[in-house]
>>> print(open('input-v1.txt').read())   # compact mmCIF, C-alpha atoms
# COMPACT_ATOMS: atom_id res chain seq x y z
CA MET A 1 -80.73 -16.67 -46.23
CA ILE A 2 -81.62 -16.05 -49.88
CA GLY A 3 -82.85 -12.59 -48.94
CA PHE A 4 -79.57 -11.89 -47.16
CA LEU A 5 -77.58 -13.02 -50.22
CA ASN A 6 -79.79 -10.88 -52.45
CA VAL A 7 -79.13 -7.75 -50.39
CA GLY A 8 -75.39 -8.56 -50.25
CA ALA A 9 -75.19 -9.03 -54.01
CA VAL A 10 -77.08 -5.79 -54.66
CA LEU A 11 -74.82 -3.85 -52.25
CA ILE A 12 -71.60 -5.25 -53.75
CA ALA A 13 -72.70 -4.75 -57.37
CA THR A 14 -73.91 -1.22 -56.65
CA THR A 15 -70.67 -0.32 -54.87
CA ALA A 16 -68.60 -1.62 -57.81
CA LEU A 17 -70.83 0.34 -60.19
CA GLN A 18 -70.58 3.54 -58.16
CA MET A 19 -66.78 3.26 -58.16
CA THR A 20 -66.77 2.77 -61.93
CA VAL A 21 -69.23 5.48 -62.97
CA PRO A 22 -67.26 8.74 -63.29
CA SER A 23 -68.21 11.90 -61.44
CA VAL A 24 -69.88 14.79 -63.28
CA ARG A 25 -67.27 17.50 -63.69
CA ILE A 26 -69.62 20.42 -64.32
CA LEU A 27 -71.51 19.57 -61.11
CA ALA A 28 -68.40 20.04 -58.93
CA ASP A 29 -67.52 16.36 -59.40
CA ALA A 30 -70.81 15.17 -57.95
CA LYS A 31 -71.34 11.40 -58.15
CA PHE A 32 -74.48 9.46 -58.95
CA PRO A 33 -75.66 8.38 -55.46
CA LEU A 34 -76.31 4.75 -56.46
CA LEU A 35 -75.47 3.23 -53.09
CA LEU A 36 -77.66 5.78 -51.32
CA ALA A 37 -80.52 4.90 -53.68
CA VAL A 38 -80.21 1.25 -52.66
CA VAL A 39 -80.16 2.22 -48.98
CA LEU A 40 -83.28 4.28 -49.61
CA TYR A 41 -85.01 1.36 -51.35
CA TYR A 42 -84.43 -0.97 -48.42
CA ALA A 43 -85.41 1.75 -45.94
CA LEU A 44 -88.78 1.97 -47.67
CA THR A 45 -89.37 -1.73 -48.22
CA ARG A 46 -87.87 -3.46 -45.17
CA PRO A 47 -88.58 -3.21 -41.43
CA ARG A 48 -86.65 -0.44 -39.71
CA GLY A 49 -84.07 -2.68 -38.01
CA PRO A 50 -82.81 -4.56 -41.08
CA ALA A 51 -83.00 -1.32 -43.11
CA MET A 52 -80.70 0.38 -40.60
CA ALA A 53 -78.32 -2.59 -40.67
CA ILE A 54 -78.19 -2.40 -44.49
CA ALA A 55 -77.52 1.36 -44.29
CA PHE A 56 -74.68 0.69 -41.83
CA TRP A 57 -73.03 -1.94 -44.06
CA ALA A 58 -73.44 0.24 -47.15
CA GLY A 59 -71.80 3.13 -45.30
CA LEU A 60 -68.98 0.92 -44.07
CA LEU A 61 -68.34 -0.28 -47.65
CA ALA A 62 -68.38 3.27 -49.02
CA ASP A 63 -66.02 4.59 -46.36
CA SER A 64 -63.63 1.67 -46.66
CA LEU A 65 -63.20 2.07 -50.41
CA GLY A 66 -62.29 5.77 -50.34
CA PRO A 67 -60.43 8.37 -48.28
CA MET A 68 -63.58 9.27 -46.30
CA PRO A 69 -62.98 8.66 -42.56
CA LEU A 70 -64.61 5.46 -41.34
CA GLY A 71 -68.15 5.97 -40.08
CA TYR A 72 -69.05 9.20 -41.93
CA SER A 73 -71.07 7.53 -44.70
CA ALA A 74 -72.52 5.07 -42.19
CA VAL A 75 -73.86 7.97 -40.05
CA CYS A 76 -75.34 9.77 -43.07
CA PHE A 77 -76.89 6.64 -44.57
CA CYS A 78 -78.38 5.57 -41.21
CA VAL A 79 -79.92 9.02 -40.66
CA VAL A 80 -81.40 8.95 -44.17
CA ALA A 81 -82.71 5.39 -43.67
CA LEU A 82 -84.30 6.41 -40.37
CA ALA A 83 -85.87 9.53 -41.89
CA ALA A 84 -87.08 7.69 -45.00
CA GLY A 85 -88.66 4.99 -42.82
CA MET A 86 -90.87 7.64 -41.24
CA PHE A 87 -92.32 8.56 -44.63
CA ARG A 88 -92.91 4.97 -45.69
CA GLY A 89 -96.66 5.57 -45.83
CA PHE A 90 -96.26 8.19 -48.56
CA VAL A 91 -94.61 5.81 -51.04
CA PHE A 92 -96.75 4.97 -54.03
CA GLU A 93 -95.94 1.70 -55.75
CA ASP A 94 -95.29 1.63 -59.49
CA THR A 95 -94.47 5.27 -59.95
CA TRP A 96 -91.06 6.80 -60.53
CA ILE A 97 -91.98 10.16 -58.99
CA THR A 98 -91.82 9.02 -55.35
CA PRO A 99 -88.31 7.53 -55.60
CA ALA A 100 -87.20 10.58 -57.56
CA VAL A 101 -88.43 12.93 -54.82
CA PHE A 102 -86.93 10.73 -52.09
CA GLY A 103 -83.66 10.56 -54.09
CA LEU A 104 -83.53 14.35 -54.45
CA ALA A 105 -84.06 14.95 -50.73
CA ALA A 106 -81.80 12.12 -49.53
CA ALA A 107 -78.90 12.95 -51.88
CA GLY A 108 -79.06 16.62 -50.87
CA MET A 109 -79.14 15.63 -47.18
CA VAL A 110 -76.20 13.26 -47.50
CA ALA A 111 -74.06 15.75 -49.49
CA THR A 112 -74.76 18.41 -46.83
CA GLY A 113 -74.01 15.88 -44.08
CA PHE A 114 -70.68 14.95 -45.68
CA TYR A 115 -69.68 18.60 -45.89
CA LEU A 116 -70.61 19.26 -42.26
CA LEU A 117 -68.58 16.22 -41.18
CA LEU A 118 -65.61 17.15 -43.38
CA ILE A 119 -65.58 20.90 -42.68
CA ASN A 120 -62.81 20.62 -40.09
CA GLN A 121 -60.61 18.45 -42.30
CA GLU A 122 -57.72 19.94 -44.23
CA GLY A 123 -58.76 21.21 -47.64
CA PHE A 124 -62.50 21.46 -46.98
CA GLY A 125 -62.71 24.50 -44.70
CA ASP A 126 -62.02 27.02 -47.48
CA VAL A 127 -64.20 25.73 -50.33
CA SER A 128 -66.12 28.43 -52.20
CA GLY A 129 -69.86 28.86 -51.69
CA TRP A 130 -70.47 28.31 -55.41
CA TRP A 131 -68.56 25.05 -55.41
CA LEU A 132 -70.42 23.78 -52.35
CA THR A 133 -73.84 24.82 -53.69
CA THR A 134 -73.10 23.17 -57.02
CA LYS A 135 -71.91 20.02 -55.28
CA ILE A 136 -75.00 19.68 -53.07
CA ALA A 137 -77.49 20.68 -55.76
CA GLY A 138 -75.67 18.51 -58.32
CA THR A 139 -75.73 15.45 -56.08
CA ALA A 140 -79.44 16.06 -55.41
CA VAL A 141 -80.17 16.31 -59.15
CA LEU A 142 -78.22 13.12 -59.83
CA GLY A 143 -80.25 11.52 -57.03
CA ILE A 144 -83.42 12.22 -59.05
CA VAL A 145 -81.96 10.20 -61.93
CA ALA A 146 -80.23 7.44 -59.98
CA THR A 147 -82.90 6.57 -57.41
CA PRO A 148 -85.76 5.43 -59.69
CA VAL A 149 -83.29 3.33 -61.73
CA MET A 150 -81.82 1.67 -58.65
CA PHE A 151 -85.32 1.12 -57.22
CA LEU A 152 -86.18 -0.72 -60.43
CA VAL A 153 -83.05 -2.89 -60.19
CA ALA A 154 -83.49 -3.68 -56.49
CA ARG A 155 -87.20 -4.41 -56.97
CA SER A 156 -86.36 -6.79 -59.83
CA MET A 157 -83.83 -8.56 -57.62
CA ASP A 158 -86.46 -8.87 -54.86
CA HIS A 159 -88.91 -10.27 -57.40
CA LEU A 160 -86.33 -12.79 -58.64
CA THR A 161 -85.57 -13.86 -55.07
CA ARG A 162 -89.28 -14.34 -54.31
CA GLU A 163 -89.71 -16.40 -57.47
CA PHE A 164 -86.68 -18.53 -56.61
CA THR A 165 -87.89 -19.11 -53.04
CA ARG A 166 -91.41 -19.99 -54.27
CA ARG A 167 -90.10 -22.52 -56.79
CA THR A 168 -87.66 -24.19 -54.44
CA ALA A 169 -90.14 -24.33 -51.54
CA MET B 1 -90.95 -4.37 -31.69
CA LYS B 2 -88.36 -5.46 -29.17
CA GLU B 3 -86.20 -7.01 -31.91
CA ARG B 4 -86.40 -3.78 -33.93
CA THR B 5 -85.15 -1.67 -31.02
CA HIS B 6 -82.42 -4.25 -30.51
CA TYR B 7 -81.28 -3.77 -34.12
CA LEU B 8 -81.29 0.02 -33.78
CA TRP B 9 -79.10 -0.04 -30.67
CA LEU B 10 -76.73 -2.46 -32.38
CA VAL B 11 -76.41 -0.19 -35.44
CA LEU B 12 -75.93 2.89 -33.22
CA ALA B 13 -73.18 1.09 -31.29
CA GLY B 14 -71.57 0.05 -34.59
CA VAL B 15 -71.60 3.61 -35.93
CA LEU B 16 -70.14 5.00 -32.69
CA LEU B 17 -67.46 2.32 -32.75
CA LEU B 18 -66.51 3.17 -36.34
CA LEU B 19 -66.34 6.89 -35.59
CA ASN B 20 -64.12 6.34 -32.57
CA LEU B 21 -61.78 3.70 -33.96
CA PRO B 22 -58.10 4.59 -33.51
CA ILE B 23 -56.38 5.39 -36.82
CA PRO B 24 -54.32 2.15 -37.02
CA ALA B 25 -57.43 0.03 -36.38
CA SER B 26 -59.39 2.10 -38.90
CA ARG B 27 -56.65 1.49 -41.49
CA GLN B 28 -56.77 -2.24 -40.78
CA VAL B 29 -60.55 -2.37 -41.24
CA LYS B 30 -60.30 -0.37 -44.47
CA GLY B 31 -57.43 -2.53 -45.73
CA PHE B 32 -59.34 -5.74 -45.02
CA ILE B 33 -62.49 -4.57 -46.82
CA ARG B 34 -60.49 -3.13 -49.77
CA GLU B 35 -58.61 -6.38 -50.18
CA ALA B 36 -61.83 -8.39 -50.03
CA PHE B 37 -63.46 -6.06 -52.54
CA SER B 38 -60.56 -5.91 -55.03
CA PRO B 39 -61.73 -8.92 -57.16
CA PHE B 40 -65.07 -7.19 -57.79
CA GLN B 41 -63.23 -4.00 -58.59
CA GLN B 42 -60.94 -5.77 -61.02
CA VAL B 43 -63.97 -7.20 -62.82
CA ALA B 44 -65.58 -3.75 -62.96
CA GLY B 45 -62.25 -2.23 -64.08
CA GLY B 46 -61.98 -4.87 -66.83
CA TRP B 47 -65.43 -3.94 -68.15
CA THR B 48 -64.49 -0.27 -68.07
CA GLY B 49 -61.40 -1.12 -70.13
CA HIS B 50 -63.60 -2.89 -72.71
CA VAL B 51 -65.89 0.15 -72.89
CA HIS B 52 -62.89 2.45 -73.40
CA ALA B 53 -61.56 0.15 -76.12
CA ALA B 54 -64.95 0.11 -77.85
CA VAL B 55 -65.20 3.90 -77.73
CA ARG B 56 -61.70 4.19 -79.17
CA ALA B 57 -62.60 1.76 -81.95
CA LEU B 58 -65.67 3.83 -82.79
CA ARG B 59 -63.61 6.95 -83.35
CA SER B 60 -63.17 7.94 -86.97
CA LYS B 61 -60.30 6.47 -88.97
CA ARG B 62 -58.94 9.95 -89.65
CA VAL B 63 -58.61 10.73 -85.96
CA LEU B 64 -56.82 7.42 -85.43
CA ASN B 65 -54.50 8.08 -88.40
CA ASP B 66 -53.67 11.58 -87.10
CA SER B 67 -53.08 10.13 -83.66
CA ALA B 68 -50.82 7.40 -85.09
CA ASP B 69 -48.82 9.99 -87.09
CA ALA B 70 -48.40 12.17 -83.99
CA MET B 71 -47.28 9.16 -81.94
CA ALA B 72 -44.80 8.10 -84.62
CA ARG B 73 -43.30 11.59 -84.65
CA GLU B 74 -43.14 11.63 -80.83
CA LEU B 75 -41.56 8.17 -80.82
CA PHE B 76 -38.86 9.36 -83.22
CA VAL B 77 -38.08 12.40 -81.04
CA LEU B 78 -38.10 10.32 -77.84
CA ARG B 79 -35.81 7.64 -79.33
CA ASP B 80 -33.39 10.40 -80.28
CA GLU B 81 -33.59 11.80 -76.72
CA VAL B 82 -33.03 8.35 -75.21
CA ARG B 83 -29.96 7.87 -77.45
CA GLN B 84 -28.57 11.23 -76.31
CA LEU B 85 -29.39 10.52 -72.66
CA ARG B 86 -27.66 7.12 -72.82
CA GLU B 87 -24.59 8.87 -74.15
CA ILE B 88 -24.77 11.42 -71.30
CA GLU B 89 -25.34 8.60 -68.76
CA ARG B 90 -22.23 6.77 -70.00
CA GLU B 91 -20.23 10.00 -69.80
CA ASN B 92 -21.67 10.73 -66.33
CA ALA B 93 -20.77 7.22 -65.08
CA ALA B 94 -17.24 7.59 -66.43
CA LEU B 95 -16.83 10.97 -64.67
CA ARG B 96 -18.24 9.53 -61.41
CA ASP B 97 -15.73 6.71 -61.65
CA VAL B 98 -12.95 9.22 -62.08
CA LEU B 99 -14.16 11.33 -59.12
CA GLY B 100 -15.02 8.30 -56.94
CA PHE B 101 -18.74 9.20 -56.47
CA ALA B 102 -21.32 6.49 -55.82
CA ALA B 103 -24.44 6.37 -58.00
CA GLN B 104 -27.19 8.44 -56.31
CA SER B 105 -30.33 7.23 -57.97
CA ASP B 106 -31.78 3.77 -57.45
CA LYS B 107 -35.35 4.67 -58.40
CA ALA B 108 -37.42 2.09 -60.21
CA LEU B 109 -40.78 2.49 -61.93
CA VAL B 110 -43.58 0.05 -61.16
CA PRO B 111 -46.06 -0.10 -64.08
CA CYS B 112 -49.67 -0.23 -62.86
CA GLN B 113 -53.09 -0.44 -64.46
CA ILE B 114 -55.90 1.82 -63.30
CA LEU B 115 -58.78 -0.11 -61.74
CA SER B 116 -61.11 2.81 -61.12
CA ARG B 117 -61.16 6.56 -61.55
CA GLY B 118 -62.59 8.86 -58.94
CA ASP B 119 -63.40 8.40 -55.29
CA ILE B 120 -66.63 6.55 -54.48
CA SER B 121 -68.03 9.59 -52.67
CA GLY B 122 -66.93 12.20 -55.22
CA TRP B 123 -65.27 14.40 -52.57
CA TRP B 124 -61.69 13.46 -53.45
CA HIS B 125 -59.83 13.13 -56.75
CA THR B 126 -58.34 9.66 -56.61
CA ILE B 127 -57.65 6.63 -58.77
CA ARG B 128 -57.15 3.01 -57.71
CA ILE B 129 -54.31 0.99 -59.21
CA ASP B 130 -53.65 -2.76 -59.37
CA ARG B 131 -50.38 -2.85 -57.42
CA GLY B 132 -49.98 -2.77 -53.65
CA ILE B 133 -47.58 -3.83 -50.94
CA ALA B 134 -46.88 -7.11 -52.78
CA GLY B 135 -45.76 -5.07 -55.81
CA GLY B 136 -43.42 -2.91 -53.73
CA VAL B 137 -45.79 0.06 -53.47
CA THR B 138 -45.99 1.97 -50.17
CA ASN B 139 -47.62 5.18 -48.94
CA ASP B 140 -46.39 8.56 -50.23
CA MET B 141 -44.67 7.20 -53.34
CA ALA B 142 -44.94 9.48 -56.38
CA VAL B 143 -47.03 8.33 -59.35
CA LEU B 144 -46.22 9.40 -62.92
CA SER B 145 -47.74 8.95 -66.36
CA PHE B 146 -46.26 9.50 -69.81
CA GLU B 147 -47.53 13.11 -69.64
CA GLY B 148 -46.18 13.97 -66.20
CA LEU B 149 -47.06 13.89 -62.52
CA VAL B 150 -50.24 12.02 -61.55
CA GLY B 151 -50.12 12.23 -57.74
CA ARG B 152 -48.99 10.26 -54.70
CA VAL B 153 -49.99 6.99 -53.07
CA LEU B 154 -52.51 7.71 -50.32
CA ALA B 155 -53.38 4.24 -49.03
CA VAL B 156 -52.17 0.79 -49.89
CA THR B 157 -53.35 -2.81 -49.46
CA ASP B 158 -51.64 -6.05 -50.48
CA SER B 159 -52.79 -5.89 -54.08
CA THR B 160 -54.16 -2.38 -54.69
CA ALA B 161 -53.28 1.22 -53.92
CA GLU B 162 -55.21 4.46 -53.85
CA VAL B 163 -53.57 7.47 -55.51
CA LEU B 164 -54.41 11.07 -54.59
CA LEU B 165 -54.30 13.09 -57.83
CA VAL B 166 -52.52 16.44 -58.20
CA THR B 167 -55.91 17.98 -58.99
CA ASP B 168 -57.23 17.19 -55.49
CA ARG B 169 -57.50 20.07 -53.02
CA ASN B 170 -55.55 18.05 -50.43
CA CYS B 171 -52.58 17.43 -52.74
CA LYS B 172 -49.76 19.94 -52.34
CA VAL B 173 -46.70 19.68 -54.55
CA ALA B 174 -43.39 21.58 -54.38
CA VAL B 175 -42.96 22.90 -57.92
CA ARG B 176 -40.80 25.22 -59.98
CA VAL B 177 -41.05 26.94 -63.33
CA SER B 178 -39.31 24.69 -65.88
CA ASP B 179 -35.60 25.31 -66.39
CA THR B 180 -35.52 28.00 -63.68
CA GLU B 181 -35.22 28.08 -59.90
CA VAL B 182 -38.54 29.92 -59.45
CA LEU B 183 -40.22 27.88 -56.72
CA GLY B 184 -43.76 27.60 -55.39
CA ILE B 185 -46.33 25.25 -53.90
CA MET B 186 -49.09 23.92 -56.13
CA ARG B 187 -52.42 22.66 -54.83
CA GLY B 188 -55.36 21.24 -56.69
CA ASP B 189 -58.99 22.17 -57.25
CA ALA B 190 -58.48 25.78 -56.19
CA SER B 191 -60.71 28.72 -57.02
CA SER B 192 -59.52 31.00 -59.81
CA ILE B 193 -57.31 33.98 -59.03
CA ASP B 194 -58.67 36.14 -61.87
CA GLY B 195 -62.10 36.65 -60.32
CA ALA B 196 -63.82 34.43 -62.87
CA GLY B 197 -67.49 33.77 -62.13
CA PRO B 198 -69.22 30.50 -61.40
CA LEU B 199 -69.62 29.67 -65.11
CA GLU B 200 -65.83 29.74 -65.49
CA MET B 201 -65.60 27.43 -62.48
CA PHE B 202 -67.87 24.89 -64.20
CA ARG B 203 -65.78 25.01 -67.39
CA SER B 204 -62.39 24.54 -65.84
CA ALA B 205 -62.88 22.20 -62.90
CA GLY B 206 -59.64 20.45 -62.02
CA ARG B 207 -57.62 23.66 -62.13
CA CYS B 208 -54.62 24.04 -59.83
CA ARG B 209 -53.05 27.04 -58.09
CA MET B 210 -49.37 27.79 -57.58
CA ASP B 211 -48.75 29.86 -54.43
CA PHE B 212 -45.75 31.57 -52.83
CA ILE B 213 -43.99 32.64 -56.06
CA ASP B 214 -41.29 35.28 -55.53
CA ARG B 215 -42.71 38.77 -56.22
CA GLY B 216 -39.68 39.85 -58.22
CA VAL B 217 -39.96 37.04 -60.77
CA ASP B 218 -41.37 37.68 -64.24
CA LEU B 219 -43.77 34.77 -64.72
CA ALA B 220 -45.68 34.52 -68.02
CA VAL B 221 -48.80 32.74 -69.23
CA GLY B 222 -47.71 29.54 -70.99
CA ASP B 223 -44.74 28.84 -68.71
CA MET B 224 -44.37 25.13 -67.92
CA ILE B 225 -44.47 24.02 -64.28
CA GLU B 226 -42.60 20.92 -63.08
CA THR B 227 -41.84 19.26 -59.76
CA SER B 228 -38.90 20.76 -57.86
CA GLY B 229 -38.02 17.62 -55.91
CA LEU B 230 -38.10 19.54 -52.62
CA GLY B 231 -39.76 17.57 -49.82
CA GLY B 232 -38.55 14.26 -51.16
CA VAL B 233 -41.91 12.81 -52.23
CA TYR B 234 -41.91 13.74 -55.92
CA PRO B 235 -38.90 13.29 -58.22
CA PRO B 236 -37.62 16.57 -59.73
CA GLY B 237 -38.42 17.53 -63.32
CA ALA B 238 -41.79 15.82 -63.79
CA PRO B 239 -44.14 18.09 -65.81
CA VAL B 240 -47.14 19.25 -63.78
CA GLY B 241 -48.97 21.94 -65.76
CA VAL B 242 -49.01 25.21 -67.69
CA VAL B 243 -49.48 28.72 -66.23
CA THR B 244 -52.77 30.26 -67.40
CA ALA B 245 -52.89 33.42 -65.24
CA VAL B 246 -50.57 35.29 -62.89
CA GLN B 247 -51.43 37.83 -60.20
CA GLU B 248 -50.00 39.30 -57.01
CA ASP B 249 -51.49 37.80 -53.84
CA PRO B 250 -53.79 40.21 -51.93
CA SER B 251 -51.28 40.14 -49.05
CA GLY B 252 -48.69 41.67 -51.42
CA LEU B 253 -46.05 39.23 -50.19
CA TYR B 254 -45.87 36.87 -53.18
CA GLN B 255 -47.39 36.05 -56.58
CA VAL B 256 -49.97 33.36 -57.31
CA ALA B 257 -50.69 31.64 -60.62
CA ASP B 258 -53.48 29.53 -62.09
CA VAL B 259 -52.10 26.29 -63.50
CA ARG B 260 -53.81 24.00 -65.99
CA PRO B 261 -52.60 20.50 -65.06
CA VAL B 262 -51.18 18.20 -67.74
CA LEU B 263 -53.00 15.31 -66.09
CA ASP B 264 -56.21 14.19 -67.80
CA VAL B 265 -57.34 11.16 -65.86
CA ARG B 266 -60.13 10.32 -68.33
CA GLY B 267 -57.76 9.02 -70.98
CA LEU B 268 -55.34 7.42 -68.55
CA ARG B 269 -55.03 3.60 -68.40
CA TYR B 270 -51.50 2.99 -67.10
CA VAL B 271 -49.37 4.84 -64.56
CA PHE B 272 -45.96 4.29 -62.97
CA VAL B 273 -45.24 4.32 -59.25
CA VAL B 274 -41.76 5.66 -58.46
CA ARG B 275 -40.26 3.16 -56.02
CA ARG B 276 -37.73 4.70 -53.68
>>> encode(input="input-v1.txt", output="structure tokens")
Amino acid sequence: MIGFLNVGAVLIATTALQMTVPSVRILADAKFPLLLAVVLYYALTRPRGPAMAIAFWAGLLADSLGPMPLGYSAVCFCVVALAAGMFRGFVFEDTWITPAVFGLAAAGMVATGFYLLLINQEGFGDVSGWWLTTKIAGTAVLGIVATPVMFLVARSMDHLTREFTRRTA
Amino acid sequence: MKERTHYLWLVLAGVLLLLNLPIPASRQVKGFIREAFSPFQQVAGGWTGHVHAAVRALRSKRVLNDSADAMARELFVLRDEVRQLREIERENAALRDVLGFAAQSDKALVPCQILSRGDISGWWHTIRIDRGIAGGVTNDMAVLSFEGLVGRVLAVTDSTAEVLLVTDRNCKVAVRVSDTEVLGIMRGDASSIDGAGPLEMFRSAGRCRMDFIDRGVDLAVGDMIETSGLGGVYPPGAPVGVVTAVQEDPSGLYQVADVRPVLDVRGLRYVFVVRR
């Protein structure tokens, strides 16, 4: 139950933060993929089933709070969670490089996935190649920055929860 | 292992369900989650407001003094304009009485505070405001600021609304060149017409494009663009932007122009929804 509340609190706080942090104009309005970083963290630290469920809820939250059609973020986040789970063995604890590399790859994948899903929507079919490249590369670069930070936050929350459970047990 | 597979199938079914939801059901789900999330957003928006206030306080005294002087001058000019407009309104009402015309305009402005800037995914240019259905806000209402047109209401819940900005590629506005009848359609986030390279694109993100301008019209850099009122969504006369480049469309049928929008969402805290 405490673990469930912990994940819920992290998801809600991260969503509120992602909505507040402005996009980076020179990177084609790319956003820091904070929510994706959290999804990635749970995909690497939780069993596959719960990790997929977390990815689904994170995607549902993201889609509900913006104009993105319902289900698009959920699909992308679930695919990333599934893919990240396969490379769980390569994660080295206590280093920022692994989350940074995972963040780069996952953010690039999700930005590409969003474009492929949105390509038939009005306004997205005629975007310039430069804009699209900047958007995908920019999101990937922001993923390098955001993922280690969010891993640190989520890990601290996990640690707090463990401590709380240990003391109350 | 069995439980894990169970979870996966459940998530897959959930994703498929979301993707195939009919639009009204999808709107209901979104509305429910937005409404539930709005308290968190208001807290986050409050913190953002404190950060903005702190940044403003940190600005040098000289900048603040200059800004105060400029605002005082603008206030003086605006008060004079209001006085003149009231006089014209009185005269207009008297003439309508004489001619037996009913008053045409019953528009009201709903003041709103911005809760968040930018779409959560970064693929749309939107803001979220703190008024919704309960405040008389509905879809497709125009949104204005002191500077000019901000956009239109895209989605609405009981207590919040999402506004699509004029700088978004999906926002199309019927516009005209100020004080003329030169018409066109403006859309946001368009690529430049003057063949500028990618570096130019980075510098001037948020640029707009005005299409379908009559070929025979002499349009100049620096001309002001305002809403034409055609289409019924946006009120006429709201400033939208300034022409920065003009060129004939490759089809040869009409002219196109680059427009720098007056809207700068970064400094914006309050907007007004035009209630019909």
>>> interface_residues(input="input-v1.txt", of="chain A", to="chain B", cutoff="8 Å", atoms="all atoms listed in the file", output="ChimeraX atom specification")
/A:12,15-20,22-23,25-31,47-50,52-53,56,61-72,74-75,122-124,128,130
>>> atom_distance(input="input-v1.txt", atom1="atom CA of B:Arg269", atom2="atom CA of B:Ala57")
15.6 Å
>>> residues_around(input="input-v1.txt", residues="B:Val271", least_positions_apart="6", cutoff="12 Å", atoms="only C-alpha atoms", output="list in words")
Leu109, Val110, Pro111, Cys112, Gln113, Ile114, Leu115, Ile127, Arg128, Ile129, Asp130, Arg131, Ala142, Val143, Leu144, Ser145, Phe146, Glu147, Gly148, Leu149, Val150, Gly151, Arg152, Val153, Ala161, Val163, Leu165, Leu263 and Val265 of chain B
>>> closest_residue(input="input-v1.txt", among="A:Phe151, A:Val39, A:Leu44, A:Gly103", to="A:Gly89", atoms="all atoms listed in the file")
A:Leu44
>>> atom_distance(input="input-v1.txt", atom1="atom CA of B:Leu253", atom2="atom CA of A:Gly129")
26.0 Å
>>> closest_residue(input="input-v1.txt", among="A:Cys76, A:Ala55, A:Ala106, A:Met86", to="A:Ala146", atoms="all atoms listed in the file")
A:Ala106
>>> atom_distance(input="input-v1.txt", atom1="atom CA of A:Gln121", atom2="atom CA of B:Pro22")
16.6 Å
>>> closest_residue(input="input-v1.txt", among="A:Val127, A:Val80, A:Ile2, A:Leu142", to="A:Val110", atoms="all atoms listed in the file")
A:Val80
>>> residues_around(input="input-v1.txt", residues="A:Tyr42", least_positions_apart="4", cutoff="8 Å", atoms="all atoms listed in the file", output="list in words")
Val38, Arg46, Ala51 and Ile54 of chain A
